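Please read the structure below before turning to the comments.
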Amino acid sequence: MIGFNQVTKIYDNITALRNVTFSIEKGEFVFITGPSGAGKSTLLKLVYLAERPDEGSINIAGWDTETLKEKAIPYLRRNIGIVFQDFKLLYNKTVYDNIAIALRIRGIKEAEIKDRVHEVLKMVNLRHKTDSYPRELSGGEQQRITIARAIVGEPTVLIADEPTGNLDVDNTAGIMRIFREINAKGTTILFATHNRDLFRNTGLRVLRLDNGNLVSDEKG
Amino acid sequence: MIGFNQVTKIYDNITALRNVTFSIEKGEFVFITGPSGAGKSTLLKLVYLAERPDEGSINIAGWDTETLKEKAIPYLRRNIGIVFQDFKLLYNKTVYDNIAIALRIRGIKEAEIKDRVHEVLKMVNLRHKTDSYPRELSGGEQQRITIARAIVGEPTVLIADEPTGNLDVDNTAGIMRIFREINAKGTTILFATHNRDLFRNTGLRVLRLDNGNLVSDEKG
Amino acid sequence: MYSLKLALKSLWYDKWINLLSIVSIATGLFILGTVLLSLYNIERATQNMPERFTITLFLNEKISKKDVDLLIKRLKRESIVKEIDYISKEDALKELKTSLKDAAYILEGLDENPLFPSIVIKVRRENFDRDRVEALIKKLKGFNQIDEIIYADEILESIQDVYSGFKFVSLGVSLLFSVSVVFVCYSTVKILFFRRKEEIEVYKLLGATRSFIRAPFIIEGTIIGIVGGVAALAGNYLLVSLLKGMTNPVAVLKLIEIPVQLMVILPVAGLVLGLTGSTIALGRLKY
Amino acid sequence: MYSLKLALKSLWYDKWINLLSIVSIATGLFILGTVLLSLYNIERATQNMPERFTITLFLNEKISKKDVDLLIKRLKRESIVKEIDYISKEDALKELKTSLKDAAYILEGLDENPLFPSIVIKVRRENFDRDRVEALIKKLKGFNQIDEIIYADEILESIQDVYSGFKFVSLGVSLLFSVSVVFVCYSTVKILFFRRKEEIEVYKLLGATRSFIRAPFIIEGTIIGIVGGVAALAGNYLLVSLLKGMTNPVAVLKLIEIPVQLMVILPVAGLVLGLTGSTIALGRLKY
Ligand SMILES: Nc1ncnc2c1ncn2[C@@H]1O[C@H](COP(=O)(O)OP(=O)(O)OP(=O)(O)O)[C@@H](O)[C@H]1O
Ligand SMILES: Nc1ncnc2c1ncn2[C@@H]1O[C@H](COP(=O)(O)OP(=O)(O)OP(=O)(O)O)[C@@H](O)[C@H]1O
Ligand SMILES: [Mg+2]
Ligand SMILES: [Mg+2]
């Protein structure tokens with residue numbers, strides 16, 4: 001599903017990733033961990049093509065990112081749901097529209113959009129915030145909207161960058177339950193987090209980065 | 001130092017805080033906890049006067065917020081260092097300027113500013129990012145810049161809203177150490193977090209909010 | 001359909017900033033409209049002015065009626081000739097008497113009319129062109145029944161000069177102002193889009209195609225442009241009715257009229273500016 | 001000092017958007033400059049035009065040289081009189097002969113000069129005022145050596161009309177365009193500040209006073225305004241030198257000149273616009 005081969009990413013003078021090689025099978029649930037600035041977000045950005053590698057090659061769902069045409073990128077991204085570390089919500093749109101946009105992009109009918117948006121809002125316990133604007137929400141509420149937007153399109157790959165940083169224990173548990181369910185239905189999940197509690201004793205795969213190097217790849 | 005008396009805060013139709021009463025002495029280190037949307041950020045916003053209570057009264061460092069003149073607000077805020085949940089960094093300014101601004105506001109000389117900015121950058125392990133722009137930083141790095149900006153002015157009250165949500169264990173421990181040091185020097189600290197590990201077994205005071213109500217006030 | 005709804009929603013959410021853009025664009029188009037209006041009305045006013053340029057042909061005293069008719073017939077065929085006036089010897093004397101006023105009695109002693117018959121030619125201003133006038137005069141000089149041709153060489157030149165100068169300056173000014181207006185509109189739209197860079201970024205990351213991203217922005221820009229154009233038109237109408245309805249009016253201003261074309265030009269210009277402005281401002285979206 | 005540095009840094013960071021604002025403001029001021037330039041040059045051109053308005057006094061045939069001198073002396077005292085031309089009977093006859101051209105021989109039969117002496121008065125255009133001209137004429141009518149006064153009533157009216165109409169329209173147009181330019185500049189600056197709302201919010205939360213927050217924004221706005229004004233001035237210079245240097249020039253355009261005042265007006269207007277624009281755009285900062 002996702003293959004990194006000797007990937008190096010350099011920003012200006014900072015090497016954010018150095019010779020990283022790994023591969024993830026379809027349906028896996030993989031954690032990415034490591035200290036702040038280790039390169040977790042950079043690795044995820046390479047997967048959803050927000051950044052391009054300086055060296056090495058990346059293969060996503062059979063596509064080589066080097067030869068991939070620009071025009072194909074939107075269609076590739078539609079199969080990827082992303083929870084951004086900095087949320088990236090549209091502050092001039094309501095919660096409903098923020099989530100619906102992910103479906104409208106795919107040309108889905110409004111009637112179906114309505115059902116699906118309300119369903120995911122219920123999953124993250126924010127049905128009552130449908131018509132609020134993001135600035136009227138608490139930090140954790142905004143984060144859950146971002147999660148709802150990522151999962152509403154039923155993507156084949158779900159990328160989550162520190163999706164529980166602003167959530168309390170109960171909400172975190174709820175989100176983890178949702179992710180496990182989605183994963184059970186076949187979605188591949190990449191989950192970047194500092195929170196060891198999330199993967200400890202789960203038996204799931206954990207990639208550990210440190211200063212741009214992939215230092216371990218073991219079960220949590 | 002800080003006194004809330006029967007404070008209620010209503011947003012549109014949402015009661016974010018309901019009849020909250022407590023008082024904090026000078027030099028205390030108080031945690032505020034509770035689930036997402038409980039009202040933690042709202043409580044802190046009332047302390048730094050970004051919001052005004054709909055009912056009840058708030059007393060900050062001897063000033064009653066109701067009678068406080070608008071002109072006095074900047075001077076009151078200079079005694080408060082704030083770590084915002086959403087960072088509120090200036091994205092068109094370098095890391096250096098982002099931190100220096102907190103001192104420039106007070107009219108401190110550039111030479112002294114330079115020393116103090118470099119000192120706090122060292123404290124949060126980001127000396128090497130002095131000339132970067134916030135967008136070139138990882139989530140955790142941005143959060144640490146926000147912390148550096150809050151403490152550089154040596155405030156008498158430090159307000160931190162989920163300051164470790166994007167930080168790994170080691171960085172979190174480092175930040176907590178800094179906060180304990182600052183507190184030891186006499187600074188009052190209000191620290192909102194979901195992370196129970198931060199206050200468990202510290203013996204520090206913990207205010208627990210739930211759905212806008214202050215449900216407990218005990219030692220962690 | 002959905003793009004339109006999105007555009008309208010976004011217009012409403014950012015209503016203040018959009019209003020300001022509309023004001024900017026409307027102001028620009030209003031200036032353009034005022035310029036066009038002035039040009040149109042000056043043109044109209046000068047078209048109604050009496051023709052000043054004439055050529056006078058002094059004819060042979062003994063010319064026959066037949067020859068005169070022939071000459072007139074020939075002159076009528078010339079495209080630059082607008083009006084032909086034949087003044088016989090008798091008419092000429094009458095005119096002289098009138099112009100002498102009270103002193104006319106000095107002519108009473110004459111036993112014979114000493115004046116010549118003449119033809120006064122008025123030149124069509126639309127076809128006015130110095131070369132063509134001189135060509136005509138050369139032609140006429142070959143006619144042996146014509147004794148003398150008088151035409152105001154200097155006046156000719158200065159009319160020519162003023163007229164073509166006017167045309168030139170008008171054209172220059174309208175061009176200049178159009179370019180200025182395009183500049184203002186472009187930068188207004190561009191400033192608007194600078195604000196939206198992040199929004200576009202999010203759309204891209206969610207997997208939106210170029211056309212999906214572009215549509216609402218372009219619709220928004222077009223709406224802003226059209227509204228701006230219509231507002232400019234309304235401004236021009238207001239200006240004109242204000243000028244016409246003044247209590248201490250300057251007579252000339254009473255005659256000002258709004259050409260129908262302006263009613264089309266301004267909204268269309270707004271549309272084109274909004275459309276191209278937002279398309280260019282968006283630029284080539286890169287993934 | 002620090003505010004200035006901050007303003008310059010921020011100008012540089014947002015260089016593209018600032019450039020666009022400068023372009024907007026420069027365009028606005030350029031249009032204004034062009035209008036002022038045109039007004040100035042039209043005024044200058046018409047001032048050099050020959051005076052067309054004259055009053056002709058037909059004097060009594062038997063008026064003595066002394067009376068004529070007295071009359072001229074009196075006329076010279078009138079402020080609206082610019083030039084006085086005395087035409088004696090003999091001069092009048094000479095003129096008539098010239099105007100009759102080849103037909104002048106008709107006058108040869110006369111044994112006595114039948115014409116009247118006259119005085120032609122040219123009226124000063126600067127002091128032109130219909131009421132004052134009529135007052136003068138009334139006064140002259142009381143003079144018994146004057147037989148008749150001829151003055152072009154209609155021409156008088158139309159010159160009056162055109163001149164005051166011109167003045168009125170000029171004033172209106174400059175006012176209108178100034179207002180338009182202020183609108184464009186205001187909305188440009190306001191759009192800029194909409195972008196900065198969050199930045200201002202952060203400053204406030206960090207404990208900055210109003211003046212601390214305002215200073216860099218206002219300095220920035222002022223710099224944008226001044227640069228815009230200077231750019232507009234440069235544009236006007238370019239325009240004028242372009243017009244003057246054309247290979248197929250329209251004679252009139254060669255005479256165009258840039259008034260010194262414009263060199264002050266445009267940058268100062270830019271400064272004022274930038275300063276007030278940013279001050280107003282910032283609004284009353286509330287804590
Ligand atoms: N656009 C950029 N320009 C320059 N440097 C960058 C940029 N983005 C990231 N970096 C640097 O690359 C390194 C890795 O960043 P990355 O965001 O991948 O870290 P991370 O593991 O996600 O950290 P965190 O847990 O704090 O989010 C950091 O040192 C960061 O400063
Ligand atoms: N500006 C606002 N307008 C309307 N509702 C608001 C506004 N700000 C906050 N709220 C609502 O008030 C409630 C409390 O919000 P607050 O930000 O205080 O929560 P919190 O405890 O900080 O949560 P979190 O841990 O997720 O940050 C939430 O339900 C939120 O949606
Ligand atoms: Mg990260
Ligand atoms: Mg909060």
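Identifiers in the structure tokens: chain A, B, ... in order shown; residue index from 1 per chain; ligand index from 1 in order shown.
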Listing only residues of chain C within 10 Å of chain A, what is the closest atom pair and its distance in Å (to one decimal) for each, using only C-alpha atoms, sorted by chain and residue number ascending, as JSON lines?
{"residue": "C:Tyr2", "atom": "CA", "partner": "A:Arg104", "partner_atom": "CA", "distance": 8.5}
{"residue": "C:Ser3", "atom": "CA", "partner": "A:Arg104", "partner_atom": "CA", "distance": 9.8}
{"residue": "C:Leu6", "atom": "CA", "partner": "A:Asp97", "partner_atom": "CA", "distance": 9.5}
{"residue": "C:Lys9", "atom": "CA", "partner": "A:Lys93", "partner_atom": "CA", "distance": 8.6}
{"residue": "C:Ser10", "atom": "CA", "partner": "A:Asn92", "partner_atom": "CA", "distance": 7.4}
{"residue": "C:Trp12", "atom": "CA", "partner": "A:Asn92", "partner_atom": "CA", "distance": 9.9}
{"residue": "C:Tyr13", "atom": "CA", "partner": "A:Asn92", "partner_atom": "CA", "distance": 6.5}
{"residue": "C:Asp14", "atom": "CA", "partner": "A:Asn92", "partner_atom": "CA", "distance": 7.9}
{"residue": "C:Glu198", "atom": "CA", "partner": "A:Lys88", "partner_atom": "CA", "distance": 8.4}
{"residue": "C:Glu199", "atom": "CA", "partner": "A:Leu90", "partner_atom": "CA", "distance": 6.4}
{"residue": "C:Ile200", "atom": "CA", "partner": "A:Leu90", "partner_atom": "CA", "distance": 9.8}
{"residue": "C:Glu201", "atom": "CA", "partner": "A:Lys88", "partner_atom": "CA", "distance": 9.0}
{"residue": "C:Val202", "atom": "CA", "partner": "A:Lys88", "partner_atom": "CA", "distance": 6.5}
{"residue": "C:Tyr203", "atom": "CA", "partner": "A:Ile101", "partner_atom": "CA", "distance": 8.4}
{"residue": "C:Lys204", "atom": "CA", "partner": "A:Pro74", "partner_atom": "CA", "distance": 7.0}
{"residue": "C:Leu205", "atom": "CA", "partner": "A:Arg77", "partner_atom": "CA", "distance": 7.0}
{"residue": "C:Leu206", "atom": "CA", "partner": "A:Ala102", "partner_atom": "CA", "distance": 6.2}
{"residue": "C:Gly207", "atom": "CA", "partner": "A:Pro74", "partner_atom": "CA", "distance": 4.0}
{"residue": "C:Ala208", "atom": "CA", "partner": "A:Ile105", "partner_atom": "CA", "distance": 5.2}
{"residue": "C:Thr209", "atom": "CA", "partner": "A:Pro74", "partner_atom": "CA", "distance": 5.7}
{"residue": "C:Arg210", "atom": "CA", "partner": "A:Pro74", "partner_atom": "CA", "distance": 8.6}
{"residue": "C:Phe212", "atom": "CA", "partner": "A:Ile105", "partner_atom": "CA", "distance": 7.1}
{"residue": "C:Ile213", "atom": "CA", "partner": "A:Ile105", "partner_atom": "CA", "distance": 8.9}
{"residue": "C:Lys286", "atom": "CA", "partner": "A:Glu70", "partner_atom": "CA", "distance": 7.8}
{"residue": "C:Tyr287", "atom": "CA", "partner": "A:Glu70", "partner_atom": "CA", "distance": 6.2}
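The chain B residues that come within 8 Å of chain A are B:Gly34, B:Pro35, B:Ser36, B:Gly37, B:Ser41, B:Gln85, B:Asp86, B:Leu137, B:Ser138, B:Gly139, B:Gly140, B:Glu141, B:Glu162, B:Gly165, B:Asn166, B:Leu167, B:Asp168, B:Val169, B:Asp170, B:Asn171, B:His194, B:Asn195, with only C-alpha atoms taken into account.
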Using only all heavy atoms, please write the residues we just selected to a file, as a compact mmCIF listing (two decimals), in the first residue's frame.
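Ended up saving to out.txt:
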# COMPACT_ATOMS: atom_id res chain seq x y z
N GLY B 34 -10.69 18.72 33.00
CA GLY B 34 -12.08 18.44 32.63
C GLY B 34 -12.13 18.06 31.17
O GLY B 34 -11.21 18.36 30.42
N PRO B 35 -13.21 17.41 30.75
CA PRO B 35 -13.30 16.94 29.36
C PRO B 35 -13.34 18.10 28.35
O PRO B 35 -13.51 19.25 28.72
CB PRO B 35 -14.60 16.13 29.34
CG PRO B 35 -15.38 16.61 30.51
CD PRO B 35 -14.39 17.03 31.53
N SER B 36 -13.20 17.72 27.09
CA SER B 36 -13.22 18.70 26.01
C SER B 36 -14.55 19.46 26.02
O SER B 36 -15.61 18.87 26.09
CB SER B 36 -13.05 17.97 24.68
OG SER B 36 -13.21 18.83 23.60
N GLY B 37 -14.47 20.78 26.00
CA GLY B 37 -15.67 21.61 26.01
C GLY B 37 -16.21 21.90 27.39
O GLY B 37 -17.28 22.48 27.53
N SER B 41 -10.79 26.66 28.78
CA SER B 41 -10.26 27.83 28.05
C SER B 41 -11.08 29.07 28.37
O SER B 41 -10.53 30.16 28.50
CB SER B 41 -10.29 27.56 26.55
OG SER B 41 -9.46 26.48 26.23
N GLN B 85 -3.95 27.99 23.62
CA GLN B 85 -4.18 26.63 23.12
C GLN B 85 -3.91 26.57 21.61
O GLN B 85 -3.39 25.59 21.10
CB GLN B 85 -5.63 26.21 23.44
CG GLN B 85 -5.89 24.74 23.19
CD GLN B 85 -7.26 24.31 23.71
OE1 GLN B 85 -8.12 25.12 24.03
NE2 GLN B 85 -7.45 23.00 23.80
N ASP B 86 -4.29 27.64 20.92
CA ASP B 86 -4.07 27.66 19.46
C ASP B 86 -2.83 28.50 19.09
O ASP B 86 -2.76 29.05 17.99
CB ASP B 86 -5.33 28.17 18.74
CG ASP B 86 -5.78 29.53 19.26
OD1 ASP B 86 -5.19 30.02 20.24
OD2 ASP B 86 -6.72 30.10 18.70
N LEU B 137 8.24 25.33 11.40
CA LEU B 137 8.47 24.55 12.61
C LEU B 137 7.46 23.42 12.72
O LEU B 137 6.36 23.49 12.19
CB LEU B 137 8.33 25.44 13.84
CG LEU B 137 9.28 26.63 13.93
CD1 LEU B 137 9.03 27.38 15.23
CD2 LEU B 137 10.74 26.18 13.86
N SER B 138 7.85 22.38 13.45
CA SER B 138 6.91 21.28 13.72
C SER B 138 5.91 21.76 14.76
O SER B 138 6.11 22.79 15.41
CB SER B 138 7.67 20.07 14.23
OG SER B 138 7.98 20.22 15.60
N GLY B 139 4.81 21.01 14.89
CA GLY B 139 3.75 21.40 15.84
C GLY B 139 4.30 21.61 17.25
O GLY B 139 4.02 22.60 17.91
N GLY B 140 5.12 20.67 17.71
CA GLY B 140 5.67 20.77 19.06
C GLY B 140 6.62 21.94 19.20
O GLY B 140 6.70 22.58 20.25
N GLU B 141 7.35 22.23 18.14
CA GLU B 141 8.27 23.36 18.17
C GLU B 141 7.50 24.68 18.29
O GLU B 141 7.86 25.56 19.06
CB GLU B 141 9.16 23.35 16.93
CG GLU B 141 10.24 22.25 16.97
CD GLU B 141 10.88 21.95 15.63
OE1 GLU B 141 10.40 22.46 14.59
OE2 GLU B 141 11.86 21.19 15.61
N GLU B 162 -3.41 24.00 27.81
CA GLU B 162 -3.00 22.76 27.12
C GLU B 162 -1.62 22.96 26.46
O GLU B 162 -1.47 22.78 25.26
CB GLU B 162 -4.04 22.42 26.06
CG GLU B 162 -4.04 20.97 25.66
CD GLU B 162 -4.62 20.10 26.76
OE1 GLU B 162 -5.80 20.25 27.13
OE2 GLU B 162 -3.86 19.26 27.27
N GLY B 165 0.11 19.59 24.64
CA GLY B 165 -0.68 18.71 23.76
C GLY B 165 0.10 18.17 22.59
O GLY B 165 -0.18 17.09 22.08
N ASN B 166 1.10 18.92 22.12
CA ASN B 166 1.88 18.48 20.97
C ASN B 166 3.28 18.05 21.36
O ASN B 166 4.16 17.97 20.50
CB ASN B 166 1.94 19.60 19.93
CG ASN B 166 0.62 19.76 19.19
OD1 ASN B 166 0.33 19.02 18.27
ND2 ASN B 166 -0.20 20.69 19.65
N LEU B 167 3.49 17.81 22.66
CA LEU B 167 4.86 17.50 23.08
C LEU B 167 5.02 16.05 23.54
O LEU B 167 4.12 15.47 24.14
CB LEU B 167 5.28 18.45 24.21
CG LEU B 167 5.36 19.93 23.82
CD1 LEU B 167 5.80 20.76 25.01
CD2 LEU B 167 6.30 20.13 22.64
N ASP B 168 6.19 15.52 23.27
CA ASP B 168 6.52 14.17 23.69
C ASP B 168 6.86 14.17 25.18
O ASP B 168 7.00 15.22 25.81
CB ASP B 168 7.70 13.66 22.87
CG ASP B 168 8.89 14.59 22.97
OD1 ASP B 168 8.79 15.72 22.41
OD2 ASP B 168 9.88 14.24 23.61
N VAL B 169 7.04 12.99 25.74
CA VAL B 169 7.24 12.86 27.18
C VAL B 169 8.43 13.67 27.68
O VAL B 169 8.34 14.39 28.67
CB VAL B 169 7.46 11.36 27.55
CG1 VAL B 169 7.51 11.20 29.06
CG2 VAL B 169 6.35 10.51 26.96
N ASP B 170 9.55 13.58 26.96
CA ASP B 170 10.76 14.28 27.43
C ASP B 170 10.57 15.79 27.41
O ASP B 170 10.90 16.48 28.36
CB ASP B 170 11.96 13.91 26.54
CG ASP B 170 12.37 12.46 26.76
OD1 ASP B 170 11.91 11.87 27.78
OD2 ASP B 170 13.13 11.92 25.94
N ASN B 171 10.04 16.29 26.30
CA ASN B 171 9.80 17.73 26.22
C ASN B 171 8.79 18.18 27.26
O ASN B 171 8.94 19.23 27.87
CB ASN B 171 9.31 18.11 24.82
CG ASN B 171 10.45 18.46 23.89
OD1 ASN B 171 11.21 19.38 24.18
ND2 ASN B 171 10.58 17.73 22.81
N HIS B 194 -5.65 18.14 29.91
CA HIS B 194 -6.39 16.88 30.01
C HIS B 194 -5.50 15.79 30.57
O HIS B 194 -5.98 14.74 30.95
CB HIS B 194 -6.77 16.36 28.61
CG HIS B 194 -7.59 17.30 27.84
ND1 HIS B 194 -7.11 18.00 26.77
CD2 HIS B 194 -8.88 17.66 27.97
CE1 HIS B 194 -8.08 18.73 26.27
NE2 HIS B 194 -9.16 18.55 26.98
N ASN B 195 -4.21 16.05 30.50
CA ASN B 195 -3.24 15.00 30.78
C ASN B 195 -3.08 14.79 32.27
O ASN B 195 -2.36 15.50 32.96
CB ASN B 195 -1.90 15.41 30.14
CG ASN B 195 -0.90 14.26 30.13
OD1 ASN B 195 -1.09 13.24 30.81
ND2 ASN B 195 0.16 14.44 29.38
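Closest approach to ligand 2 among A:Leu44, A:Ile108, A:Ile145, A:Leu68 is made by A:Ile145 (distances from only C-alpha atoms and all ligand atoms).
Ranking B:Met123, B:Ile178, B:Ile32, B:Ile60 by their shortest atom-to-atom distance to ligand 4, with only C-alpha atoms and all ligand atoms included, puts B:Ile32 first.
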Within 12 Å of Arg127 (chain B) using only C-alpha atoms, minus same-chain residues under 2 positions, as JSON, numbers by chain: {"B": [95, 96, 115, 116, 117, 118, 119, 120, 121, 122, 123, 124, 125, 129, 130, 131, 132, 141, 144, 145, 148]}
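Using only C-alpha atoms, the nearest neighbour of Phe30 (chain C) within the list C:Ala234, C:Tyr186, C:Thr276, C:Leu282 is C:Ala234.
For the choices C:Lys73, C:Lys65, C:Leu242, C:Val227, the atom-to-atom distance to chain D is smallest for C:Leu242 when using only C-alpha atoms.
Non-sequential neighbours of Ala16 (chain A) (distance at most 6 Å, separation of 5 or more positions within a chain, only C-alpha atoms) are Lys9, Ile10, Gly39 and Gly212 of chain A.
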Put those residues in a file: N, CA and C atoms, as a PDB file, in the first residue's frame.
ATOM      1  N   LYS A   9      14.430  13.769   3.113  1.00  0.00           N
ATOM      2  CA  LYS A   9      13.756  15.051   2.898  1.00  0.00           C
ATOM      3  C   LYS A   9      14.542  16.145   3.606  1.00  0.00           C
ATOM      4  N   ILE A  10      14.961  17.150   2.866  1.00  0.00           N
ATOM      5  CA  ILE A  10      15.772  18.236   3.438  1.00  0.00           C
ATOM      6  C   ILE A  10      15.041  19.567   3.276  1.00  0.00           C
ATOM      7  N   GLY A  39      10.351  14.266  12.747  1.00  0.00           N
ATOM      8  CA  GLY A  39      10.053  14.092  11.325  1.00  0.00           C
ATOM      9  C   GLY A  39       8.749  13.360  11.066  1.00  0.00           C
ATOM     10  N   GLY A 212      15.051  12.454  12.391  1.00  0.00           N
ATOM     11  CA  GLY A 212      14.993  12.157  10.962  1.00  0.00           C
ATOM     12  C   GLY A 212      15.329  10.725  10.595  1.00  0.00           C
TER      13      GLY A 212
END
Gln261 (chain D) environment, 12 Å, only C-alpha atoms, sequence neighbours closer than 2 positions dropped, as a VMD selection string: chain D and resid 33 36 to 37 40 233 257 to 259 263 to 269
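In this structure, CA of Glu220 (chain D) sits 13.7 Å away from CA of Leu20 (chain D).
Nearest residue to ligand 4, choosing from B:Leu198, B:Ile24, B:Ala192, B:Ala61 and counting only C-alpha atoms and all ligand atoms: B:Ala192.
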